[in-house]
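Undergrad: For reference, this is start_22.cif, and it has mmCIF, C-alpha atoms.
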```cif
data_work
loop_
_atom_site.group_PDB
_atom_site.id
_atom_site.type_symbol
_atom_site.label_atom_id
_atom_site.label_comp_id
_atom_site.auth_asym_id
_atom_site.auth_seq_id
_atom_site.Cartn_x
_atom_site.Cartn_y
_atom_site.Cartn_z
ATOM 1 C CA MET T 1 125.980 -39.197 49.435
ATOM 2 C CA THR T 2 125.323 -36.411 46.926
ATOM 3 C CA GLN T 3 124.473 -32.848 47.831
ATOM 4 C CA LEU T 4 120.914 -32.036 46.835
ATOM 5 C CA GLU T 5 120.507 -29.283 44.283
ATOM 6 C CA ARG T 6 117.505 -27.344 43.055
ATOM 7 C CA SER T 7 117.582 -29.242 39.763
ATOM 8 C CA HIS T 8 117.080 -32.501 41.670
ATOM 9 C CA LEU T 9 113.973 -31.118 43.364
ATOM 10 C CA ALA T 10 112.667 -29.853 40.023
ATOM 11 C CA ILE T 11 113.105 -33.334 38.529
ATOM 12 C CA VAL T 12 111.244 -35.014 41.402
ATOM 13 C CA ARG T 13 108.363 -32.559 41.129
ATOM 14 C CA ALA T 14 108.116 -32.762 37.335
ATOM 15 C CA VAL T 15 108.082 -36.574 37.316
ATOM 16 C CA ASP T 16 105.357 -36.599 39.966
ATOM 17 C CA GLN T 17 103.249 -34.016 38.111
ATOM 18 C CA GLN T 18 103.637 -35.606 34.694
ATOM 19 C CA GLY T 19 103.745 -39.278 35.665
ATOM 20 C CA SER T 20 106.312 -40.281 33.054
ATOM 21 C CA LEU T 21 109.872 -39.425 32.074
ATOM 22 C CA THR T 22 108.796 -38.428 28.576
ATOM 23 C CA ALA T 23 106.312 -35.816 29.754
ATOM 24 C CA ALA T 24 108.607 -34.649 32.562
ATOM 25 C CA ALA T 25 111.489 -34.200 30.121
ATOM 26 C CA GLU T 26 109.279 -32.043 27.901
ATOM 27 C CA GLN T 27 108.283 -29.884 30.881
ATOM 28 C CA LEU T 28 111.933 -29.462 31.899
ATOM 29 C CA ASN T 29 113.096 -28.821 28.297
ATOM 30 C CA LEU T 30 115.337 -31.895 28.368
ATOM 31 C CA THR T 31 115.622 -34.924 26.150
ATOM 32 C CA GLN T 32 114.243 -38.135 27.591
ATOM 33 C CA SER T 33 117.682 -39.733 27.554
ATOM 34 C CA ALA T 34 119.191 -36.791 29.416
ATOM 35 C CA LEU T 35 116.461 -36.931 32.065
ATOM 36 C CA SER T 36 116.770 -40.729 32.401
ATOM 37 C CA HIS T 37 120.505 -40.326 32.933
ATOM 38 C CA ALA T 38 119.927 -37.600 35.529
ATOM 39 C CA VAL T 39 117.393 -39.777 37.378
ATOM 40 C CA ARG T 40 119.711 -42.820 37.450
ATOM 41 C CA LYS T 41 122.624 -40.666 38.592
ATOM 42 C CA LEU T 42 120.530 -39.076 41.380
ATOM 43 C CA GLU T 43 119.290 -42.455 42.666
ATOM 44 C CA ASN T 44 122.814 -43.905 42.522
ATOM 45 C CA GLN T 45 124.273 -40.964 44.412
ATOM 46 C CA LEU T 46 121.513 -41.046 47.021
ATOM 47 C CA GLY T 47 121.760 -44.811 47.316
ATOM 48 C CA VAL T 48 117.990 -45.287 47.262
ATOM 49 C CA ALA T 49 115.295 -45.759 44.616
ATOM 50 C CA LEU T 50 112.944 -42.806 44.257
ATOM 51 C CA TRP T 51 110.394 -44.376 41.909
ATOM 52 C CA THR T 52 108.902 -47.719 40.970
ATOM 53 C CA ARG T 53 107.292 -48.330 37.589
ATOM 54 C CA GLU T 54 103.587 -49.193 37.358
ATOM 55 C CA GLY T 55 102.833 -49.755 33.698
ATOM 56 C CA ARG T 56 103.757 -46.525 31.953
ATOM 57 C CA ARG T 57 103.614 -44.439 35.111
ATOM 58 C CA LEU T 58 106.279 -43.873 37.733
ATOM 59 C CA ARG T 59 105.135 -44.129 41.350
ATOM 60 C CA PRO T 60 107.294 -42.558 44.090
ATOM 61 C CA THR T 61 108.768 -44.829 46.737
ATOM 62 C CA GLN T 62 108.717 -43.829 50.405
ATOM 63 C CA ALA T 63 112.010 -42.008 49.843
ATOM 64 C CA GLY T 64 110.573 -40.402 46.709
ATOM 65 C CA GLU T 65 107.487 -39.217 48.612
ATOM 66 C CA TYR T 66 109.714 -37.596 51.230
ATOM 67 C CA LEU T 67 111.883 -35.848 48.646
ATOM 68 C CA LEU T 68 108.723 -34.702 46.833
ATOM 69 C CA SER T 69 107.417 -33.113 50.052
ATOM 70 C CA VAL T 70 110.742 -31.274 50.394
ATOM 71 C CA ALA T 71 110.483 -30.073 46.792
ATOM 72 C CA ASP T 72 106.893 -28.869 47.333
ATOM 73 C CA ARG T 73 108.017 -26.817 50.331
ATOM 74 C CA LEU T 74 111.281 -25.392 49.011
ATOM 75 C CA LEU T 75 110.683 -24.710 45.323
ATOM 76 C CA PRO T 76 107.905 -22.111 45.891
ATOM 77 C CA GLN T 77 110.122 -20.360 48.435
ATOM 78 C CA LEU T 78 113.079 -20.293 46.023
ATOM 79 C CA THR T 79 110.854 -18.967 43.243
ATOM 80 C CA HIS T 80 109.501 -16.300 45.571
ATOM 81 C CA ALA T 81 113.025 -15.327 46.679
ATOM 82 C CA GLU T 82 114.195 -14.978 43.074
ATOM 83 C CA ALA T 83 111.153 -12.885 42.162
ATOM 84 C CA ARG T 84 111.672 -10.636 45.191
ATOM 85 C CA LEU T 85 115.358 -10.165 44.358
ATOM 86 C CA ARG T 86 114.457 -9.273 40.766
ATOM 87 C CA GLN T 87 112.071 -6.653 42.148
ATOM 88 C CA PHE T 88 114.874 -5.228 44.279
ATOM 89 C CA ALA T 89 117.229 -5.185 41.279
ATOM 90 C CA LEU T 90 114.711 -3.558 38.926
ATOM 91 C CA GLY T 91 112.963 -1.315 41.425
ATOM 92 C CA GLU T 92 109.628 -3.036 40.752
ATOM 93 C CA ARG T 93 106.901 -3.676 43.292
ATOM 94 C CA GLY T 94 105.746 -6.973 41.785
ATOM 95 C CA THR T 95 102.611 -8.977 42.560
ATOM 96 C CA LEU T 96 100.527 -9.154 45.714
ATOM 97 C CA ARG T 97 99.418 -12.778 46.007
ATOM 98 C CA ILE T 98 96.226 -13.090 48.057
ATOM 99 C CA GLY T 99 94.829 -16.369 49.371
ATOM 100 C CA ILE T 100 91.140 -16.779 50.284
ATOM 101 C CA GLU T 101 89.853 -19.344 52.790
ATOM 102 C CA CYS T 102 86.124 -18.644 52.561
ATOM 103 C CA HIS T 103 83.718 -18.242 49.653
ATOM 104 C CA PRO T 104 81.977 -15.019 50.838
ATOM 105 C CA CYS T 105 85.415 -13.474 51.437
ATOM 106 C CA TYR T 106 85.769 -13.150 47.673
ATOM 107 C CA GLN T 107 82.836 -10.706 47.440
ATOM 108 C CA TRP T 108 84.326 -8.671 50.280
ATOM 109 C CA LEU T 109 87.760 -8.709 48.647
ATOM 110 C CA LEU T 110 86.407 -7.131 45.461
ATOM 111 C CA LYS T 111 85.409 -4.040 47.440
ATOM 112 C CA VAL T 112 89.018 -3.527 48.581
ATOM 113 C CA VAL T 113 90.921 -4.657 45.487
ATOM 114 C CA SER T 114 89.332 -2.081 43.203
ATOM 115 C CA PRO T 115 90.527 1.034 45.105
ATOM 116 C CA TYR T 116 93.836 -0.672 45.866
ATOM 117 C CA LEU T 117 94.620 -1.228 42.181
ATOM 118 C CA ALA T 118 93.767 2.401 41.498
ATOM 119 C CA ALA T 119 96.127 3.557 44.257
ATOM 120 C CA TRP T 120 98.947 1.158 43.293
ATOM 121 C CA PRO T 121 99.097 0.998 39.471
ATOM 122 C CA ASP T 122 102.460 -0.816 39.519
ATOM 123 C CA VAL T 123 101.242 -3.679 41.683
ATOM 124 C CA ASP T 124 99.413 -6.681 40.230
ATOM 125 C CA VAL T 125 97.024 -8.770 42.337
ATOM 126 C CA ASP T 126 96.786 -12.547 42.063
ATOM 127 C CA VAL T 127 94.077 -14.434 43.994
ATOM 128 C CA LYS T 128 94.426 -18.094 45.005
ATOM 129 C CA GLN T 129 91.674 -20.218 46.542
ATOM 130 C CA GLU T 130 93.432 -23.593 46.654
ATOM 131 C CA PHE T 131 96.701 -24.223 48.452
ATOM 132 C CA GLN T 132 99.218 -27.062 48.638
ATOM 133 C CA PHE T 133 99.359 -26.850 52.444
ATOM 134 C CA GLY T 134 96.232 -24.873 53.410
ATOM 135 C CA GLY T 135 96.102 -21.130 53.972
ATOM 136 C CA ILE T 136 98.509 -20.963 56.920
ATOM 137 C CA GLY T 137 100.927 -23.346 55.229
ATOM 138 C CA ALA T 138 100.726 -21.269 52.051
ATOM 139 C CA LEU T 139 101.832 -18.192 53.994
ATOM 140 C CA PHE T 140 104.775 -20.012 55.546
ATOM 141 C CA ALA T 141 105.691 -21.591 52.183
ATOM 142 C CA HIS T 142 105.560 -18.164 50.461
ATOM 143 C CA GLU T 143 102.886 -19.361 48.044
ATOM 144 C CA ILE T 144 100.864 -16.283 49.037
ATOM 145 C CA ASP T 145 101.645 -12.946 50.702
ATOM 146 C CA LEU T 146 98.306 -12.290 52.374
ATOM 147 C CA LEU T 147 95.532 -14.583 53.624
ATOM 148 C CA VAL T 148 91.848 -13.616 53.862
ATOM 149 C CA THR T 149 90.203 -15.865 56.454
ATOM 150 C CA PRO T 150 87.406 -15.895 59.063
ATOM 151 C CA ASP T 151 89.402 -18.357 61.188
ATOM 152 C CA PRO T 152 92.875 -17.031 62.069
ATOM 153 C CA LEU T 153 95.496 -19.365 63.519
ATOM 154 C CA TYR T 154 97.921 -17.383 65.639
ATOM 155 C CA GLU T 155 101.243 -19.019 64.819
ATOM 156 C CA THR T 156 104.615 -17.493 65.640
ATOM 157 C CA GLY T 157 105.768 -15.426 62.671
ATOM 158 C CA LEU T 158 102.259 -14.474 61.491
ATOM 159 C CA HIS T 159 100.153 -11.381 62.144
ATOM 160 C CA PHE T 160 96.374 -11.170 61.744
ATOM 161 C CA GLU T 161 94.359 -7.962 61.434
ATOM 162 C CA PRO T 162 90.524 -7.933 61.752
ATOM 163 C CA VAL T 163 89.069 -6.022 58.803
ATOM 164 C CA LEU T 164 85.334 -6.781 58.856
ATOM 165 C CA ASP T 165 82.811 -7.461 61.634
ATOM 166 C CA TYR T 166 79.692 -9.284 60.522
ATOM 167 C CA GLU T 167 76.862 -11.521 61.672
ATOM 168 C CA GLN T 168 76.281 -15.013 60.282
ATOM 169 C CA VAL T 169 72.540 -15.389 59.581
ATOM 170 C CA LEU T 170 70.068 -17.860 58.164
ATOM 171 C CA VAL T 171 68.835 -16.970 54.664
ATOM 172 C CA VAL T 172 65.281 -17.949 53.691
ATOM 173 C CA GLY T 173 63.100 -17.350 50.660
ATOM 174 C CA PRO T 174 59.966 -15.191 50.284
ATOM 175 C CA GLN T 175 57.539 -18.023 51.106
ATOM 176 C CA HIS T 176 59.448 -19.614 53.974
ATOM 177 C CA ALA T 177 57.683 -19.959 57.334
ATOM 178 C CA LEU T 178 60.690 -18.588 59.225
ATOM 179 C CA ARG T 179 60.896 -15.325 57.283
ATOM 180 C CA THR T 180 59.023 -13.405 60.014
ATOM 181 C CA ALA T 181 60.745 -15.059 62.975
ATOM 182 C CA PRO T 182 62.920 -12.778 65.163
ATOM 183 C CA PHE T 183 65.438 -15.626 65.417
ATOM 184 C CA VAL T 184 65.663 -19.358 64.735
ATOM 185 C CA GLN T 185 66.514 -22.217 67.085
ATOM 186 C CA PRO T 186 68.568 -25.276 65.980
ATOM 187 C CA ALA T 187 65.617 -27.688 66.250
ATOM 188 C CA GLN T 188 63.738 -25.623 63.642
ATOM 189 C CA LEU T 189 66.298 -26.648 61.002
ATOM 190 C CA ALA T 190 65.966 -30.394 61.599
ATOM 191 C CA ARG T 191 63.493 -30.703 58.700
ATOM 192 C CA GLU T 192 65.255 -28.267 56.373
ATOM 193 C CA THR T 193 67.487 -28.715 53.354
ATOM 194 C CA LEU T 194 70.635 -26.784 54.242
ATOM 195 C CA ILE T 195 72.481 -25.383 51.232
ATOM 196 C CA THR T 196 76.192 -24.874 51.941
ATOM 197 C CA TYR T 197 79.480 -24.368 50.178
ATOM 198 C CA PRO T 198 81.246 -27.664 49.382
ATOM 199 C CA ILE T 199 83.537 -27.746 52.414
ATOM 200 C CA ALA T 200 83.765 -29.992 55.488
ATOM 201 C CA ILE T 201 81.123 -29.393 58.148
ATOM 202 C CA ASP T 202 83.823 -28.773 60.769
ATOM 203 C CA ARG T 203 84.588 -25.551 58.860
ATOM 204 C CA LEU T 204 80.956 -24.401 58.626
ATOM 205 C CA ASP T 205 79.814 -22.111 61.464
ATOM 206 C CA ILE T 206 76.190 -23.153 61.029
ATOM 207 C CA TYR T 207 77.270 -26.618 62.181
ATOM 208 C CA THR T 208 80.074 -25.919 64.664
ATOM 209 C CA ARG T 209 78.462 -22.948 66.430
ATOM 210 C CA PHE T 210 74.762 -23.666 66.052
ATOM 211 C CA LEU T 211 73.556 -27.132 65.029
ATOM 212 C CA LEU T 212 76.091 -29.606 66.427
ATOM 213 C CA PRO T 213 76.245 -28.133 69.972
ATOM 214 C CA ALA T 214 72.473 -28.739 70.110
ATOM 215 C CA GLY T 215 72.789 -32.252 68.688
ATOM 216 C CA ILE T 216 70.845 -31.275 65.549
ATOM 217 C CA ARG T 217 71.474 -32.023 61.898
ATOM 218 C CA PRO T 218 69.392 -30.827 58.936
ATOM 219 C CA LYS T 219 67.257 -33.275 57.015
ATOM 220 C CA ARG T 220 69.562 -32.835 54.032
ATOM 221 C CA GLN T 221 72.704 -30.927 53.139
ATOM 222 C CA LYS T 222 73.152 -29.760 49.549
ATOM 223 C CA PRO T 223 76.569 -28.368 48.520
ATOM 224 C CA ILE T 224 76.625 -25.536 45.978
ATOM 225 C CA GLU T 225 79.862 -24.001 44.686
ATOM 226 C CA THR T 226 78.737 -20.452 43.850
ATOM 227 C CA THR T 227 76.983 -17.843 45.970
ATOM 228 C CA ASP T 228 74.708 -16.705 43.130
ATOM 229 C CA ILE T 229 73.298 -20.185 42.510
ATOM 230 C CA MET T 230 73.026 -20.863 46.246
ATOM 231 C CA LEU T 231 70.850 -17.794 46.776
ATOM 232 C CA GLN T 232 68.786 -18.509 43.664
ATOM 233 C CA MET T 233 68.031 -21.929 45.176
ATOM 234 C CA VAL T 234 67.041 -20.341 48.494
ATOM 235 C CA ALA T 235 64.818 -17.777 46.767
ATOM 236 C CA SER T 236 63.014 -20.541 44.867
ATOM 237 C CA GLY T 237 62.254 -22.427 48.082
ATOM 238 C CA ARG T 238 64.728 -25.279 47.553
ATOM 239 C CA GLY T 239 66.350 -24.850 50.971
ATOM 240 C CA VAL T 240 67.939 -22.425 53.414
ATOM 241 C CA ALA T 241 71.559 -21.239 53.801
ATOM 242 C CA ALA T 242 73.820 -19.541 56.345
ATOM 243 C CA LEU T 243 75.755 -16.520 55.098
ATOM 244 C CA PRO T 244 77.081 -13.141 56.299
ATOM 245 C CA ARG T 245 74.311 -10.578 56.790
ATOM 246 C CA TRP T 246 76.128 -7.996 54.649
ATOM 247 C CA LEU T 247 76.144 -10.421 51.730
ATOM 248 C CA VAL T 248 72.458 -11.236 52.130
ATOM 249 C CA ASP T 249 71.644 -7.518 52.247
ATOM 250 C CA GLU T 250 73.270 -7.061 48.831
ATOM 251 C CA TYR T 251 71.180 -9.804 47.209
ATOM 252 C CA ALA T 252 67.918 -9.319 49.147
ATOM 253 C CA PRO T 253 66.368 -6.585 46.939
ATOM 254 C CA LYS T 254 66.808 -8.682 43.789
ATOM 255 C CA LEU T 255 65.773 -12.077 45.157
ATOM 256 C CA GLU T 256 63.334 -11.278 48.000
ATOM 257 C CA LEU T 257 65.560 -12.931 50.570
ATOM 258 C CA THR T 258 65.224 -12.565 54.336
ATOM 259 C CA ALA T 259 68.010 -12.796 56.909
ATOM 260 C CA VAL T 260 67.014 -14.425 60.218
ATOM 261 C CA ARG T 261 69.212 -14.346 63.328
ATOM 262 C CA LEU T 262 70.746 -17.678 64.360
ATOM 263 C CA GLY T 263 69.765 -18.008 68.006
ATOM 264 C CA MET T 264 68.687 -15.236 70.324
ATOM 265 C CA GLU T 265 72.203 -13.781 70.577
ATOM 266 C CA GLY T 266 73.214 -14.335 66.942
ATOM 267 C CA ILE T 267 76.589 -15.523 65.642
ATOM 268 C CA ALA T 268 79.222 -12.779 65.471
ATOM 269 C CA LYS T 269 82.135 -13.278 63.074
ATOM 270 C CA GLN T 270 85.087 -11.370 61.639
ATOM 271 C CA ILE T 271 87.201 -11.473 58.498
ATOM 272 C CA PHE T 272 90.944 -11.249 59.105
ATOM 273 C CA LEU T 273 93.936 -10.495 56.921
ATOM 274 C CA GLY T 274 96.980 -12.599 57.759
ATOM 275 C CA ILE T 275 100.544 -11.743 56.729
ATOM 276 C CA ARG T 276 104.021 -12.920 57.635
ATOM 277 C CA ALA T 277 105.318 -10.731 60.468
ATOM 278 C CA ALA T 278 108.610 -10.297 58.612
ATOM 279 C CA ASP T 279 106.700 -8.611 55.748
ATOM 280 C CA ALA T 280 104.834 -6.133 57.941
ATOM 281 C CA ASP T 281 107.019 -3.232 56.725
ATOM 282 C CA THR T 282 106.595 -4.096 53.036
ATOM 283 C CA ARG T 283 104.808 -0.956 51.919
ATOM 284 C CA TYR T 284 102.495 -2.230 49.189
ATOM 285 C CA LEU T 285 101.425 -5.052 51.514
ATOM 286 C CA SER T 286 100.902 -2.891 54.609
ATOM 287 C CA GLU T 287 98.971 -0.371 52.482
ATOM 288 C CA PHE T 288 96.514 -3.095 51.440
ATOM 289 C CA VAL T 289 95.903 -3.931 55.108
ATOM 290 C CA GLU T 290 95.479 -0.230 55.893
ATOM 291 C CA LEU T 291 92.981 0.208 53.048
ATOM 292 C CA ALA T 292 91.005 -2.790 54.327
ATOM 293 C CA ARG T 293 91.070 -1.304 57.827
ATOM 294 C CA LYS T 294 89.674 1.996 56.512
ATOM 295 C CA HIS T 295 86.961 0.096 54.634
ATOM 296 C CA ARG T 296 86.024 -1.550 57.937
ATOM 297 C CA ASP T 297 85.847 1.786 59.756
ATOM 298 C CA GLN T 298 83.687 3.326 57.035
ATOM 299 C CA GLY T 299 81.356 0.337 56.796
ATOM 300 C CA GLY T 300 80.876 -0.229 60.510
ATOM 301 C CA ARG T 301 79.502 -3.459 61.963
ATOM 302 C CA ARG T 302 77.101 -5.324 59.732
#
```
What's the structure tokens form of this structure?

TA:
Amino acid sequence: MTQLERSHLAIVRAVDQQGSLTAAAEQLNLTQSALSHAVRKLENQLGVALWTREGRRLRPTQAGEYLLSVADRLLPQLTHAEARLRQFALGERGTLRIGIECHPCYQWLLKVVSPYLAAWPDVDVDVKQEFQFGGIGALFAHEIDLLVTPDPLYETGLHFEPVLDYEQVLVVGPQHALRTAPFVQPAQLARETLITYPIAIDRLDIYTRFLLPAGIRPKRQKPIETTDIMLQMVASGRGVAALPRWLVDEYAPKLELTAVRLGMEGIAKQIFLGIRAADADTRYLSEFVELARKHRDQGGRR
């Protein structure tokens, strides 16, 4: 049995991404014959086939799928380790990779990134919104350094810091009958078109904390990718939406929007920053968290 090397994992990943040896060889800067030889040698040494051919494409076997999952976990961590070591060797601070798990979080992030970049001119910021393993998995896999999320998962090895308190509210247009209501009950949305971000309903607070506990569903759900278009639709009377009050307040003067409380008590939420506990003393990372904390203190509850 051969000892697995990084080059083997790179081959497995490239073949899966490209679908053929020709394209994979080009990605790896190898000739097709050299890659074919490397693939045959790897399968012979492992004693198991990693791919089956379907027309011109290569499909991973069960063993190939397993090795691919190993490559997807380990290669980002190796890349991260090499980048971090280069930073140590060169005295550079590198890139702060931020993952976002909610659409409105992006607007909040802009308010913190701008002063952060001014304070840390040698640090670049990279924002990711899609992850191989989800936000928590991306932290553990070192795909990102910091996660912005409204739904922290307190796993061993992670630390979460609340950085924004806000209220989730219903957003209605200037002609909507609910615009003058002190609050809305779930049954009042049974005949509404609910405009949401294109994510599963079990990740939407308007469902999990308001509608579903009451056994209510809206007449129609319409997914919209961007906040601007979503609020334009609400303002034109095409439906209602559920968003943070602070975000609605920013758009309300331009679009004549009204925020209505969800239920008599409202829905209180927070935005959290999650980091790996082992990185808590990394200065340019801890300073971002501190800046976000100060932004929270200055902004108060909204």

Undergrad: Identify the residues around (108.9, -29.0, 41.0) within a radius of 8 Å, measuring from only C-alpha atoms in the coordinates stated by the file, and give them as a list in words.

TA: Leu9, Ala10, Ile11, Val12, Arg13, Ala14, Ala71, Asp72 and Leu75 of chain T

Undergrad: Report as a list of chain:residue names all protein, DNA and RNA residues lying within 9 Å of Gln185 of chain T, evaluated on all atoms listed in the file, omitting residues in the same chain fewer than 6 positions from it.

TA: T:Phe210, T:Leu211, T:Leu262, T:Gly263, T:Met264

Undergrad: Taking all listed atoms of segment 284-296 of chain T, build the axis-aligned box, pad each of the six sides by 4 Å, then write its centre and edge lengths in Å to one decimal as AutoDock Vina command-line options.

TA:
```
--center_x 94.3 --center_y -1.5 --center_z 53.6 --size_x 24.5 --size_y 15.0 --size_z 16.7
```

Undergrad: Taking the file as shown, find all residues satisfying the PyMOL selection byres ((chain T and resi 73) around 12) and write them as an NGL selection string.

TA: :T and (6 or 9-10 or 13 or 66-72 or 74-80 or 131-133 or 137-143)

Undergrad: For this file, the PyMOL selection byres ((chain T and resi 256) around 7) selects which residues, as a list in words?

TA: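 Selected by the PyMOL selection byres ((chain T and resi 256) around 7) here: Gly173, Pro174, Ala235, Ala252, Pro253, Lys254, Leu255, Leu257 and Thr258 of chain T.
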
Undergrad: Quick one: apply the PyMOL selection byres ((chain T and resi 217) around 9) to the file and drop the selected residues here as a list in words.

TA: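 With the shown file as input, the PyMOL selection byres ((chain T and resi 217) around 9) matches Pro186, Ala187, Leu189, Ala190, Arg191, Tyr207, Leu211, Leu212, Ala214, Gly215, Ile216, Pro218, Lys219, Arg220 and Gln221 of chain T.
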
Undergrad: Write out the residues from the selection above, keeping C-alpha atoms, as a JSON list (two decimals), in the coordinates of the input.

TA:
```
[["chain", "number", "residue", "atom", "x", "y", "z"],
["T", 186, "PRO", "CA", 68.57, -25.28, 65.98],
["T", 187, "ALA", "CA", 65.62, -27.69, 66.25],
["T", 189, "LEU", "CA", 66.30, -26.65, 61.00],
["T", 190, "ALA", "CA", 65.97, -30.39, 61.60],
["T", 191, "ARG", "CA", 63.49, -30.70, 58.70],
["T", 207, "TYR", "CA", 77.27, -26.62, 62.18],
["T", 211, "LEU", "CA", 73.56, -27.13, 65.03],
["T", 212, "LEU", "CA", 76.09, -29.61, 66.43],
["T", 214, "ALA", "CA", 72.47, -28.74, 70.11],
["T", 215, "GLY", "CA", 72.79, -32.25, 68.69],
["T", 216, "ILE", "CA", 70.84, -31.28, 65.55],
["T", 218, "PRO", "CA", 69.39, -30.83, 58.94],
["T", 219, "LYS", "CA", 67.26, -33.28, 57.02],
["T", 220, "ARG", "CA", 69.56, -32.84, 54.03],
["T", 221, "GLN", "CA", 72.70, -30.93, 53.14]]
```

Undergrad: Between T:Pro213, T:Pro60, T:Gly274, T:Pro104, which has the minimum distance to Leu247 of chain T (counting all atoms listed in the file)?

TA: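 Of T:Pro213, T:Pro60, T:Gly274, T:Pro104, the one nearest Leu247 of chain T, counting all atoms listed in the file, is T:Pro104.
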
Undergrad: Using Å and a single decimal, report how far atom CA of Glu65 of chain T sits from atom CA of Gly157 of chain T.

TA: 27.7 Å

Undergrad: Can you fill out segment 142-156 of chain T with N, CA and C atoms and hand it back as a CSV table (one decimal), in the frame of the given file?

TA:
```csv
chain,number,residue,atom,x,y,z
T,142,HIS,N,105.4,-19.3,51.4
T,142,HIS,CA,105.6,-18.2,50.5
T,142,HIS,C,104.8,-18.4,49.2
T,143,GLU,N,103.8,-19.2,49.2
T,143,GLU,CA,102.9,-19.4,48.0
T,143,GLU,C,102.0,-18.1,47.9
T,144,ILE,N,101.7,-17.5,49.0
T,144,ILE,CA,100.9,-16.3,49.0
T,144,ILE,C,101.5,-15.3,50.0
T,145,ASP,N,101.1,-14.0,49.8
T,145,ASP,CA,101.6,-12.9,50.7
T,145,ASP,C,100.6,-12.5,51.8
T,146,LEU,N,99.4,-12.8,51.5
T,146,LEU,CA,98.3,-12.3,52.4
T,146,LEU,C,97.2,-13.3,52.3
T,147,LEU,N,96.6,-13.6,53.5
T,147,LEU,CA,95.5,-14.6,53.6
T,147,LEU,C,94.3,-13.9,54.1
T,148,VAL,N,93.2,-14.1,53.4
T,148,VAL,CA,91.8,-13.6,53.9
T,148,VAL,C,91.1,-14.8,54.5
T,149,THR,N,90.8,-14.7,55.8
T,149,THR,CA,90.2,-15.9,56.5
T,149,THR,C,89.3,-15.4,57.6
T,150,PRO,N,88.2,-16.2,57.9
T,150,PRO,CA,87.4,-15.9,59.1
T,150,PRO,C,87.9,-16.6,60.3
T,151,ASP,N,88.9,-17.5,60.1
T,151,ASP,CA,89.4,-18.4,61.2
T,151,ASP,C,90.9,-18.3,61.3
T,152,PRO,N,91.4,-17.2,62.0
T,152,PRO,CA,92.9,-17.0,62.1
T,152,PRO,C,93.5,-18.1,63.0
T,153,LEU,N,94.7,-18.5,62.7
T,153,LEU,CA,95.5,-19.4,63.5
T,153,LEU,C,96.8,-18.6,63.9
T,154,TYR,N,96.9,-18.3,65.2
T,154,TYR,CA,97.9,-17.4,65.6
T,154,TYR,C,99.2,-18.2,65.9
T,155,GLU,N,99.9,-18.4,64.8
T,155,GLU,CA,101.2,-19.0,64.8
T,155,GLU,C,102.3,-18.0,64.9
T,156,THR,N,103.5,-18.4,65.6
T,156,THR,CA,104.6,-17.5,65.6
T,156,THR,C,105.1,-17.1,64.2
```
